[in-house]
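**Q** Submitted below is the structure of interest, expressed as structure tokens.
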Amino acid sequence: MNTEYKHKLEEERQILLGELKSLGNRDTKSHEWEATIEEASTENADMNSSADRFEDFEEKSALITPLEAKLNQVESALARIENSTYGKCRVCHGPIEEARLHANPAAETCIAHLEK
């Protein structure tokens, strides 16, 4: 079972990393993702282009937050596979339902503890 989910999680990790790299860079000290700012063209350095660059930066920043959170969940699930705790609810320590893991391989809780 864990081999199938490990493969899915590794694929998802690569997709998320690709998406994050298209939006920004990972800070080497904090390991957090930061949006990149498009370089200004000296020929077109007017107020409109500056506003467009700022808007692009804000959009990238807004997209990075949920992608980074999902990447952290995926990496946590991969770590649980390595330490043999994958598929166990972090609240009750019972098994996470197969259907739940199939729908979300990074799930940390069983259905009963979904909101906790």
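Every chain in the structure tokens takes a letter, A first, then B, and so on in the order presented; its residues are numbered from 1, and the ligands are numbered from 1 following the presented order.
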Could you pull the residues within 6 Å of Cys110 in chain A, counting only C-alpha atoms, minus those fewer than 3 positions along the same chain, as a list in words?
**A**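 Using only C-alpha atoms, the neighbours found are Cys89, Ile96 and His113 of chain A.
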**Q** Save the residues we just selected, C-alpha atoms, as a short mmCIF file (atom, residue, chain, number, x, y, z; two decimals), in the first residue's frame?
**A**
data_model
loop_
_atom_site.label_atom_id
_atom_site.label_comp_id
_atom_site.auth_asym_id
_atom_site.auth_seq_id
_atom_site.Cartn_x
_atom_site.Cartn_y
_atom_site.Cartn_z
CA CYS A 89 -4.58 9.23 12.20
CA ILE A 96 -6.97 6.35 7.94
CA HIS A 113 -11.07 13.69 12.80
#
**Q** Any idea what's packed within 10 Å of range 14-31 of chain A, counting only C-alpha atoms, ignoring anything in its chain fewer than 3 positions away? Could you give it as a PyMOL selection string?
**A** chain A and resi 9-11+34-37+56-57+59-61+63-65+67-68+70-71+74
**Q** Please dump the current selection as a PDB file, in the first residue's frame; keep N, CA and C atoms.
**A**
ATOM      1  N   LEU A   9       2.710  10.512  -4.047  1.00  0.00           N
ATOM      2  CA  LEU A   9       3.191  11.679  -3.304  1.00  0.00           C
ATOM      3  C   LEU A   9       4.447  12.261  -3.943  1.00  0.00           C
ATOM      4  N   GLU A  10       5.348  11.407  -4.401  1.00  0.00           N
ATOM      5  CA  GLU A  10       6.555  11.898  -5.066  1.00  0.00           C
ATOM      6  C   GLU A  10       6.224  12.613  -6.366  1.00  0.00           C
ATOM      7  N   GLU A  11       5.252  12.092  -7.114  1.00  0.00           N
ATOM      8  CA  GLU A  11       4.804  12.766  -8.336  1.00  0.00           C
ATOM      9  C   GLU A  11       4.199  14.129  -8.008  1.00  0.00           C
ATOM     10  N   GLU A  34       9.491  32.494  -1.994  1.00  0.00           N
ATOM     11  CA  GLU A  34       9.227  33.914  -2.171  1.00  0.00           C
ATOM     12  C   GLU A  34       8.994  34.183  -3.653  1.00  0.00           C
ATOM     13  N   ALA A  35       8.004  34.982  -3.944  1.00  0.00           N
ATOM     14  CA  ALA A  35       7.702  35.333  -5.337  1.00  0.00           C
ATOM     15  C   ALA A  35       8.849  36.152  -5.918  1.00  0.00           C
ATOM     16  N   THR A  36       9.072  35.973  -7.209  1.00  0.00           N
ATOM     17  CA  THR A  36      10.089  36.777  -7.883  1.00  0.00           C
ATOM     18  C   THR A  36       9.428  37.986  -8.522  1.00  0.00           C
ATOM     19  N   ILE A  37      10.206  39.039  -8.604  1.00  0.00           N
ATOM     20  CA  ILE A  37       9.727  40.277  -9.207  1.00  0.00           C
ATOM     21  C   ILE A  37      10.340  40.367 -10.597  1.00  0.00           C
ATOM     22  N   ASP A  56       1.735  41.645 -10.563  1.00  0.00           N
ATOM     23  CA  ASP A  56       2.240  40.304 -10.878  1.00  0.00           C
ATOM     24  C   ASP A  56       2.880  39.671  -9.646  1.00  0.00           C
ATOM     25  N   PHE A  57       3.670  40.455  -8.914  1.00  0.00           N
ATOM     26  CA  PHE A  57       4.306  39.970  -7.688  1.00  0.00           C
ATOM     27  C   PHE A  57       3.261  39.557  -6.659  1.00  0.00           C
ATOM     28  N   GLU A  59       0.145  38.627  -7.189  1.00  0.00           N
ATOM     29  CA  GLU A  59      -0.547  37.426  -7.659  1.00  0.00           C
ATOM     30  C   GLU A  59       0.304  36.182  -7.406  1.00  0.00           C
ATOM     31  N   LYS A  60       1.594  36.275  -7.718  1.00  0.00           N
ATOM     32  CA  LYS A  60       2.502  35.152  -7.471  1.00  0.00           C
ATOM     33  C   LYS A  60       2.557  34.820  -5.977  1.00  0.00           C
ATOM     34  N   SER A  61       2.645  35.857  -5.144  1.00  0.00           N
ATOM     35  CA  SER A  61       2.709  35.652  -3.692  1.00  0.00           C
ATOM     36  C   SER A  61       1.459  34.939  -3.185  1.00  0.00           C
ATOM     37  N   LEU A  63      -0.436  32.915  -4.869  1.00  0.00           N
ATOM     38  CA  LEU A  63      -0.429  31.531  -5.345  1.00  0.00           C
ATOM     39  C   LEU A  63       0.575  30.669  -4.586  1.00  0.00           C
ATOM     40  N   ILE A  64       1.668  31.265  -4.166  1.00  0.00           N
ATOM     41  CA  ILE A  64       2.717  30.513  -3.470  1.00  0.00           C
ATOM     42  C   ILE A  64       2.220  29.956  -2.144  1.00  0.00           C
ATOM     43  N   THR A  65       1.457  30.716  -1.401  1.00  0.00           N
ATOM     44  CA  THR A  65       1.037  30.302  -0.056  1.00  0.00           C
ATOM     45  C   THR A  65       0.339  28.944  -0.034  1.00  0.00           C
ATOM     46  N   LEU A  67       0.295  26.618  -2.384  1.00  0.00           N
ATOM     47  CA  LEU A  67       1.173  25.604  -2.979  1.00  0.00           C
ATOM     48  C   LEU A  67       2.242  25.158  -1.984  1.00  0.00           C
ATOM     49  N   GLU A  68       2.790  26.112  -1.256  1.00  0.00           N
ATOM     50  CA  GLU A  68       3.805  25.790  -0.257  1.00  0.00           C
ATOM     51  C   GLU A  68       3.206  24.960   0.879  1.00  0.00           C
ATOM     52  N   LYS A  70       0.653  22.915   0.628  1.00  0.00           N
ATOM     53  CA  LYS A  70       0.422  21.574   0.088  1.00  0.00           C
ATOM     54  C   LYS A  70       1.738  20.809  -0.018  1.00  0.00           C
ATOM     55  N   LEU A  71       2.800  21.483  -0.453  1.00  0.00           N
ATOM     56  CA  LEU A  71       4.115  20.838  -0.524  1.00  0.00           C
ATOM     57  C   LEU A  71       4.548  20.359   0.858  1.00  0.00           C
ATOM     58  N   VAL A  74       2.671  17.198   1.669  1.00  0.00           N
ATOM     59  CA  VAL A  74       3.186  16.063   0.896  1.00  0.00           C
ATOM     60  C   VAL A  74       4.515  15.588   1.475  1.00  0.00           C
TER      61      VAL A  74
END
**Q** Enumerate, as a PyMOL selection string, the complete set of residues in chain A that a backbone-based DSSP assignment places in alpha helix (DSSP H).
**A** chain A and resi 2-23+47-82+98-103
**Q** Write the residues of the selection above to a file with C-alpha atoms, as a short mmCIF file (atom, residue, chain, number, x, y, z; two decimals), in the first residue's frame.
**A**
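What follows is the written file result_19.cif:
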data_model
loop_
_atom_site.label_atom_id
_atom_site.label_comp_id
_atom_site.auth_asym_id
_atom_site.auth_seq_id
_atom_site.Cartn_x
_atom_site.Cartn_y
_atom_site.Cartn_z
CA ASN A 2 2.66 2.56 1.00
CA THR A 3 4.58 2.05 -2.26
CA GLU A 4 1.59 3.17 -4.32
CA TYR A 5 1.02 6.24 -2.15
CA LYS A 6 4.73 7.03 -2.01
CA HIS A 7 4.81 7.10 -5.80
CA LYS A 8 1.73 9.37 -5.95
CA LEU A 9 3.19 11.68 -3.30
CA GLU A 10 6.56 11.90 -5.07
CA GLU A 11 4.80 12.77 -8.34
CA GLU A 12 2.72 15.42 -6.59
CA ARG A 13 5.87 16.79 -4.92
CA GLN A 14 7.56 17.23 -8.32
CA ILE A 15 4.49 18.97 -9.75
CA LEU A 16 4.28 21.33 -6.77
CA LEU A 17 8.01 22.10 -6.94
CA GLY A 18 7.66 22.90 -10.64
CA GLU A 19 4.74 25.23 -10.00
CA LEU A 20 6.55 26.94 -7.13
CA LYS A 21 9.73 27.38 -9.21
CA SER A 22 7.68 29.04 -11.93
CA LEU A 23 6.47 31.60 -9.38
CA MET A 47 4.04 54.11 -13.44
CA ASN A 48 1.91 51.61 -15.36
CA SER A 49 4.72 49.10 -15.82
CA SER A 50 5.66 49.45 -12.16
CA ALA A 51 2.05 48.83 -11.16
CA ASP A 52 1.88 45.80 -13.47
CA ARG A 53 5.08 44.36 -11.96
CA PHE A 54 3.73 44.89 -8.43
CA GLU A 55 0.40 43.29 -9.35
CA ASP A 56 2.24 40.30 -10.88
CA PHE A 57 4.31 39.97 -7.69
CA GLU A 58 1.17 40.07 -5.51
CA GLU A 59 -0.55 37.43 -7.66
CA LYS A 60 2.50 35.15 -7.47
CA SER A 61 2.71 35.65 -3.69
CA ALA A 62 -0.96 34.70 -3.31
CA LEU A 63 -0.43 31.53 -5.35
CA ILE A 64 2.72 30.51 -3.47
CA THR A 65 1.04 30.30 -0.06
CA PRO A 66 -1.36 27.40 -0.75
CA LEU A 67 1.17 25.60 -2.98
CA GLU A 68 3.80 25.79 -0.26
CA ALA A 69 1.31 24.52 2.33
CA LYS A 70 0.42 21.57 0.09
CA LEU A 71 4.11 20.84 -0.52
CA ASN A 72 4.67 20.77 3.24
CA GLN A 73 1.78 18.29 3.63
CA VAL A 74 3.19 16.06 0.90
CA GLU A 75 6.69 16.13 2.37
CA SER A 76 5.24 15.34 5.80
CA ALA A 77 3.38 12.35 4.35
CA LEU A 78 6.58 11.11 2.69
CA ALA A 79 8.36 11.40 6.05
CA ARG A 80 5.55 9.39 7.69
CA ILE A 81 6.05 6.66 5.09
CA GLU A 82 9.76 6.56 5.94
CA GLU A 98 -8.36 3.72 2.25
CA ALA A 99 -10.87 5.90 0.36
CA ARG A 100 -9.54 8.99 2.17
CA LEU A 101 -5.93 8.14 1.36
CA HIS A 102 -6.88 7.45 -2.23
CA ALA A 103 -8.53 10.88 -2.48
#
**Q** Have a look at A:Glu38, A:Gly87, A:Glu32, A:Cys92 and name the one nearest to Ala106 in chain A; count only C-alpha atoms.
**A**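 Smallest separation from Ala106 in chain A among the options: A:Gly87.
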**Q** Report, in Å to a single decimal, how far apart CA of Asn104 in chain A and CA of Thr85 in chain A are.
**A**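 Result for CA of Thr85 in chain A versus CA of Asn104 in chain A: 16.0 Å, one decimal.
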**Q** Pull the strand (DSSP E or B) assignments for chain A out of DSSP run on the backbone, and list those residues as a PyMOL selection string.
**A** chain A and resi 24-26+33-35+88+95
**Q** Create the file for the chosen residues now, containing N, CA and C atoms and written as a PDB file, in the first residue's frame.
**A**
ATOM      1  N   GLY A  24       8.552  31.602  -8.133  1.00  0.00           N
ATOM      2  CA  GLY A  24       9.531  32.248  -7.271  1.00  0.00           C
ATOM      3  C   GLY A  24      10.720  31.362  -6.975  1.00  0.00           C
ATOM      4  N   ASN A  25      11.375  31.680  -5.871  1.00  0.00           N
ATOM      5  CA  ASN A  25      12.562  30.957  -5.430  1.00  0.00           C
ATOM      6  C   ASN A  25      12.422  30.597  -3.958  1.00  0.00           C
ATOM      7  N   ARG A  26      13.131  29.547  -3.563  1.00  0.00           N
ATOM      8  CA  ARG A  26      13.143  29.123  -2.163  1.00  0.00           C
ATOM      9  C   ARG A  26      14.315  29.797  -1.464  1.00  0.00           C
ATOM     10  N   TRP A  33       9.254  29.839   0.329  1.00  0.00           N
ATOM     11  CA  TRP A  33       9.196  30.293  -1.055  1.00  0.00           C
ATOM     12  C   TRP A  33       8.830  31.764  -1.101  1.00  0.00           C
ATOM     13  N   GLU A  34       9.491  32.494  -1.994  1.00  0.00           N
ATOM     14  CA  GLU A  34       9.227  33.914  -2.171  1.00  0.00           C
ATOM     15  C   GLU A  34       8.994  34.183  -3.653  1.00  0.00           C
ATOM     16  N   ALA A  35       8.004  34.982  -3.944  1.00  0.00           N
ATOM     17  CA  ALA A  35       7.702  35.333  -5.337  1.00  0.00           C
ATOM     18  C   ALA A  35       8.849  36.152  -5.918  1.00  0.00           C
ATOM     19  N   LYS A  88      -1.851   6.373   9.583  1.00  0.00           N
ATOM     20  CA  LYS A  88      -2.389   6.383  10.948  1.00  0.00           C
ATOM     21  C   LYS A  88      -2.821   7.803  11.283  1.00  0.00           C
ATOM     22  N   PRO A  95      -6.355   3.679  11.947  1.00  0.00           N
ATOM     23  CA  PRO A  95      -6.059   3.731  10.519  1.00  0.00           C
ATOM     24  C   PRO A  95      -6.890   4.793   9.789  1.00  0.00           C
TER      25      PRO A  95
END
